[in-house]
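Asker: What follows is entry_36.cif, mmCIF, C-alpha atoms.
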data_run
loop_
_atom_site.group_PDB
_atom_site.id
_atom_site.type_symbol
_atom_site.label_atom_id
_atom_site.label_comp_id
_atom_site.auth_asym_id
_atom_site.auth_seq_id
_atom_site.Cartn_x
_atom_site.Cartn_y
_atom_site.Cartn_z
ATOM 1 C CA MET A 276 0.000 0.000 0.000
ATOM 2 C CA LYS A 277 2.823 2.350 0.884
ATOM 3 C CA TRP A 278 4.579 1.667 -2.466
ATOM 4 C CA ASN A 279 1.432 2.467 -4.439
ATOM 5 C CA PHE A 280 1.250 5.873 -2.749
ATOM 6 C CA ILE A 281 4.942 6.635 -3.438
ATOM 7 C CA ILE A 282 4.652 5.573 -7.102
ATOM 8 C CA SER A 283 1.527 7.745 -7.525
ATOM 9 C CA VAL A 284 3.312 10.784 -6.058
ATOM 10 C CA ILE A 285 6.382 10.255 -8.264
ATOM 11 C CA CYS A 286 4.213 9.869 -11.380
ATOM 12 C CA SER A 287 2.254 13.026 -10.483
ATOM 13 C CA LEU A 288 5.438 15.021 -9.992
ATOM 14 C CA LEU A 289 6.897 13.737 -13.262
ATOM 15 C CA LEU A 290 3.710 14.537 -15.157
ATOM 16 C CA GLY A 291 3.579 18.034 -13.609
ATOM 17 C CA TYR A 292 7.209 18.671 -14.575
ATOM 18 C CA LEU A 293 6.633 17.553 -18.183
ATOM 19 C CA CYS A 294 3.512 19.742 -18.542
ATOM 20 C CA ALA A 295 5.292 22.792 -17.087
ATOM 21 C CA ASN A 296 8.313 22.215 -19.322
ATOM 22 C CA PHE A 297 6.077 21.978 -22.410
ATOM 23 C CA LEU A 298 4.234 25.202 -21.522
ATOM 24 C CA PHE A 299 7.482 27.054 -20.836
ATOM 25 C CA GLN A 300 8.994 26.020 -24.179
ATOM 26 C CA SER A 301 5.854 26.963 -26.130
ATOM 27 C CA GLN A 302 5.862 30.380 -24.373
ATOM 28 C CA ASN A 303 9.451 31.022 -25.517
ATOM 29 C CA GLN A 304 8.666 30.048 -29.108
ATOM 30 C CA SER A 305 5.551 32.204 -29.323
ATOM 31 C CA SER A 306 7.314 35.323 -28.000
ATOM 32 C CA THR A 307 10.020 35.104 -30.685
ATOM 33 C CA MET A 308 7.425 34.300 -33.291
ATOM 34 C CA PHE A 309 5.508 37.529 -32.664
ATOM 35 C CA ARG A 310 8.652 39.616 -33.182
ATOM 36 C CA SER A 311 9.113 38.280 -36.710
ATOM 37 C CA MET A 312 5.460 38.653 -37.712
ATOM 38 C CA THR A 313 6.091 41.826 -39.721
ATOM 39 C CA PRO A 314 5.157 41.007 -43.304
ATOM 40 C CA ILE A 315 7.932 41.587 -45.807
ATOM 41 C CA TYR A 316 7.060 42.120 -49.457
ATOM 42 C CA PHE A 317 9.469 40.762 -52.047
ATOM 43 C CA LEU A 318 9.167 42.017 -55.624
ATOM 44 C CA LYS A 319 9.949 39.149 -57.941
ATOM 45 C CA TYR A 320 10.322 39.013 -61.690
ATOM 46 C CA SER A 321 7.705 36.780 -63.243
ATOM 47 C CA ASP A 322 8.976 33.390 -64.361
ATOM 48 C CA SER A 323 8.579 34.232 -68.046
ATOM 49 C CA ILE A 324 10.854 37.290 -67.755
ATOM 50 C CA SER A 325 13.543 35.564 -65.718
ATOM 51 C CA LYS A 326 14.543 33.485 -68.755
ATOM 52 C CA THR A 327 15.880 36.671 -70.387
ATOM 53 C CA LYS A 328 17.726 37.860 -67.306
ATOM 54 C CA ASP A 329 20.679 39.496 -69.078
ATOM 55 C CA HIS A 330 18.920 42.826 -69.731
ATOM 56 C CA LEU A 331 17.116 43.107 -66.384
ATOM 57 C CA PRO A 332 17.852 45.973 -63.964
ATOM 58 C CA VAL A 333 19.440 45.397 -60.527
ATOM 59 C CA HIS A 334 18.346 42.132 -58.918
ATOM 60 C CA ILE A 335 19.494 39.253 -56.734
ATOM 61 C CA VAL A 336 19.131 35.572 -57.489
ATOM 62 C CA VAL A 337 17.908 33.276 -54.706
ATOM 63 C CA LYS A 338 17.560 29.495 -55.002
ATOM 64 C CA GLU A 339 14.097 28.416 -53.830
ATOM 65 C CA ASP A 340 12.722 24.920 -54.326
ATOM 66 C CA GLY A 341 15.487 24.166 -56.824
ATOM 67 C CA LYS A 342 14.613 27.162 -59.013
ATOM 68 C CA ASP A 343 16.267 30.532 -59.439
ATOM 69 C CA CYS A 344 14.087 33.418 -58.226
ATOM 70 C CA TYR A 345 14.987 36.943 -59.290
ATOM 71 C CA TYR A 346 14.120 39.666 -56.772
ATOM 72 C CA VAL A 347 14.300 43.358 -57.619
ATOM 73 C CA GLY A 348 13.171 44.809 -54.286
ATOM 74 C CA ILE A 349 12.165 44.174 -50.689
ATOM 75 C CA THR A 350 9.957 46.358 -48.495
ATOM 76 C CA THR A 351 7.823 46.229 -45.366
ATOM 77 C CA LEU A 352 5.249 48.699 -46.699
ATOM 78 C CA GLU A 353 2.631 47.483 -49.123
ATOM 79 C CA GLU A 354 2.309 50.952 -50.666
ATOM 80 C CA ASN A 355 6.039 50.881 -51.501
ATOM 81 C CA ALA A 356 5.592 47.478 -53.118
ATOM 82 C CA TRP A 357 2.805 48.841 -55.309
ATOM 83 C CA LYS A 358 4.922 51.908 -56.135
ATOM 84 C CA ILE A 359 7.843 49.754 -57.293
ATOM 85 C CA GLN A 360 5.539 47.449 -59.243
ATOM 86 C CA GLU A 361 3.975 50.418 -61.057
ATOM 87 C CA GLU A 362 7.374 51.906 -61.936
ATOM 88 C CA TYR A 363 8.529 48.643 -63.491
ATOM 89 C CA LYS A 364 5.184 48.218 -65.247
ATOM 90 C CA LYS A 365 5.873 51.521 -67.061
ATOM 91 C CA GLN A 366 9.055 49.877 -68.386
ATOM 92 C CA GLY A 367 7.095 46.823 -69.559
ATOM 93 C CA ILE A 368 8.426 44.554 -66.802
ATOM 94 C CA GLU A 369 5.938 42.546 -64.786
ATOM 95 C CA LEU A 370 6.719 42.072 -61.091
ATOM 96 C CA LEU A 371 4.972 39.803 -58.630
ATOM 97 C CA ILE A 372 4.551 40.839 -54.992
ATOM 98 C CA VAL A 373 5.321 37.913 -52.699
ATOM 99 C CA GLU A 374 4.775 38.150 -48.939
ATOM 100 C CA LYS A 375 7.336 36.297 -46.806
ATOM 101 C CA LYS A 376 8.709 36.175 -43.287
ATOM 102 C CA VAL A 377 12.372 36.867 -42.484
ATOM 103 C CA ASN A 378 14.131 35.600 -39.352
ATOM 104 C CA SER A 379 16.616 38.460 -39.075
ATOM 105 C CA GLU A 380 15.532 41.231 -36.728
ATOM 106 C CA GLU A 381 18.561 43.293 -37.782
ATOM 107 C CA PHE A 382 17.498 43.195 -41.401
ATOM 108 C CA VAL A 383 13.871 44.056 -40.603
ATOM 109 C CA SER A 384 14.877 47.088 -38.534
ATOM 110 C CA GLU A 385 17.266 48.282 -41.264
ATOM 111 C CA LEU A 386 14.605 47.668 -43.902
ATOM 112 C CA SER A 387 12.127 49.888 -42.087
ATOM 113 C CA GLN A 388 14.650 52.750 -42.329
ATOM 114 C CA TYR A 389 15.096 52.171 -46.068
ATOM 115 C CA ASP A 390 11.317 52.130 -46.478
ATOM 116 C CA ILE A 391 11.202 55.739 -45.305
ATOM 117 C CA LEU A 392 13.713 56.638 -48.009
ATOM 118 C CA LEU A 393 11.896 54.588 -50.619
ATOM 119 C CA LYS A 394 8.611 56.275 -49.807
ATOM 120 C CA SER A 395 10.133 59.694 -50.507
ATOM 121 C CA THR A 396 11.846 58.821 -53.817
ATOM 122 C CA LYS A 397 10.681 60.714 -56.866
ATOM 123 C CA THR A 398 12.756 59.311 -59.733
ATOM 124 C CA LYS A 399 13.491 55.852 -61.034
ATOM 125 C CA GLU A 400 17.218 56.315 -60.370
ATOM 126 C CA GLU A 401 16.638 57.187 -56.709
ATOM 127 C CA MET A 402 14.359 54.165 -56.331
ATOM 128 C CA ASN A 403 16.900 51.821 -57.940
ATOM 129 C CA SER A 404 19.644 53.165 -55.675
ATOM 130 C CA VAL A 405 17.618 52.446 -52.521
ATOM 131 C CA LEU A 406 16.536 49.034 -53.833
ATOM 132 C CA SER A 407 20.133 48.120 -54.628
ATOM 133 C CA THR A 408 21.153 48.937 -51.055
ATOM 134 C CA VAL A 409 18.237 46.937 -49.631
ATOM 135 C CA LEU A 410 19.138 43.908 -51.741
ATOM 136 C CA SER A 411 22.781 44.022 -50.649
ATOM 137 C CA SER A 412 21.632 44.256 -47.009
ATOM 138 C CA TYR A 413 19.396 41.216 -47.554
ATOM 139 C CA GLU A 414 22.346 39.277 -48.944
ATOM 140 C CA GLU A 415 24.512 40.316 -45.994
ATOM 141 C CA PHE A 416 22.061 39.748 -43.127
ATOM 142 C CA VAL A 417 19.886 36.881 -44.353
ATOM 143 C CA LEU A 418 21.513 34.920 -47.183
ATOM 144 C CA ASN A 419 25.040 34.846 -45.744
ATOM 145 C CA GLN A 420 23.992 33.468 -42.337
#
Rewrite the structure of this file - the entire thing - as structure tokens.
Answerer:
Amino acid sequence: MKWNFIISVICSLLLGYLCANFLFQSQNQSSTMFRSMTPIYFLKYSDSISKTKDHLPVHIVVKEDGKDCYYVGITTLEENAWKIQEEYKKQGIELLIVEKKVNSEEFVSELSQYDILLKSTKTKEEMNSVLSTVLSSYEEFVLNQ
């Protein structure tokens, strides 16, 4: 009778420890997950254009699912994404806006500063200069990790 009581107490303590450990770990994961919930908009050349990549303006090439994806810009503001898409549409280049998540808080904070600059650009040259800097930052902070 005494052994049954001791085994029950040990099992209860073990079960309580496992439940608390599970809750603690899920709390840690959810707090880091909320920090990276800022949507990031990638402007990607359509697949039909990427076959003739030699004459395209500034871009980076990222391997995704075994395919080359050509990105011309990255922004956290949807209005900037539409602005870039419209500018390239005037040139006859179709861009797709793809929403993704990025696991680099440094890049996201730097990107928000570039978004302020991008929002105030007036010419195509100014826009391409900011986009070029953003793409090089993406390569440095995210791709080279």
Asker: Running the PyMOL selection byres ((chain A and resi 362) around 12) on this model by hand, what would come out? Give it as a ChimeraX atom specification.
Answerer: /A:318,347-348,355-361,363-370,396-403
Asker: Report as a list in words the residues that result from applying the PyMOL selection byres ((chain A and resi 382) around 9) to the structure here.
Answerer: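 Checking the PyMOL selection byres ((chain A and resi 382) around 9) against this file, the residues are Val377, Asn378, Ser379, Glu380, Glu381, Val383, Ser384, Glu385, Leu386, Ser387, Ser412, Tyr413, Glu415, Phe416 and Val417 of chain A.
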Asker: Considering all atoms listed in the file, can you say which of A:Trp278, A:Tyr346, A:Phe297, A:Tyr292 comes closest to A:Phe317?
Answerer: A:Tyr346
Asker: Give me, please, the distance in Å between atom CA of A:Val337 and atom CA of A:Val405, quoted to one decimal.
Answerer: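 Atom-to-atom, atom CA of A:Val337 and atom CA of A:Val405 are spaced 19.3 Å apart.
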Asker: At what distance in Å, to one decimal, does atom CA of A:Leu298 lie from atom CA of A:Ile282?
Answerer: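 If I compute the distance from atom CA of A:Ile282 to atom CA of A:Leu298, I get 24.4 Å.
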Asker: In Å to one decimal, how far is atom CA of A:Val284 from atom CA of A:Gln300?
Answerer: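 Taking atom CA of A:Gln300 as the start and atom CA of A:Val284 as the end point, the length is 24.3 Å.
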Asker: Considering only C-alpha atoms, can you say which of A:Met276, A:Leu289, A:Ser404, A:Leu418 comes closest to A:Lys338?
Answerer: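 Counting only C-alpha atoms, the residue closest to A:Lys338 is A:Leu418.
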Asker: Distance cut-off 8 Å, centre (4.1, 39.5, -44.4) in file coordinates, counting all atoms listed in the file: which residues qualify? Return them as an MDAnalysis selection string.
Answerer: chainID A and resid 312:316 351 374:376
Asker: Write the residues of the selection above to a file with C-alpha atoms, as an mmCIF file, in the coordinates of the input.
Answerer:
data_model
loop_
_atom_site.group_PDB
_atom_site.id
_atom_site.type_symbol
_atom_site.label_atom_id
_atom_site.label_comp_id
_atom_site.auth_asym_id
_atom_site.auth_seq_id
_atom_site.Cartn_x
_atom_site.Cartn_y
_atom_site.Cartn_z
ATOM 1 C CA MET A 312 5.460 38.653 -37.712
ATOM 2 C CA THR A 313 6.091 41.826 -39.721
ATOM 3 C CA PRO A 314 5.157 41.007 -43.304
ATOM 4 C CA ILE A 315 7.932 41.587 -45.807
ATOM 5 C CA TYR A 316 7.060 42.120 -49.457
ATOM 6 C CA THR A 351 7.823 46.229 -45.366
ATOM 7 C CA GLU A 374 4.775 38.150 -48.939
ATOM 8 C CA LYS A 375 7.336 36.297 -46.806
ATOM 9 C CA LYS A 376 8.709 36.175 -43.287
#
Asker: Name the closest residue to A:Leu371 among the candidates A:Thr350, A:Ser321, A:Asn419, A:Ser411; distances are taken between atoms, counting only C-alpha atoms.
Answerer: A:Ser321
Asker: So which one's closest to A:Leu410, A:Leu290, A:Val336, A:Cys344, A:Ile372? Using all atoms listed in the file, please.
Answerer: A:Val336
Asker: I'd like to know which of A:Ile391, A:Ile335, A:Leu406, A:Leu293 is closest to A:Glu354, using only C-alpha atoms.
Answerer: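 Smallest distance to A:Glu354 is found for A:Ile391.
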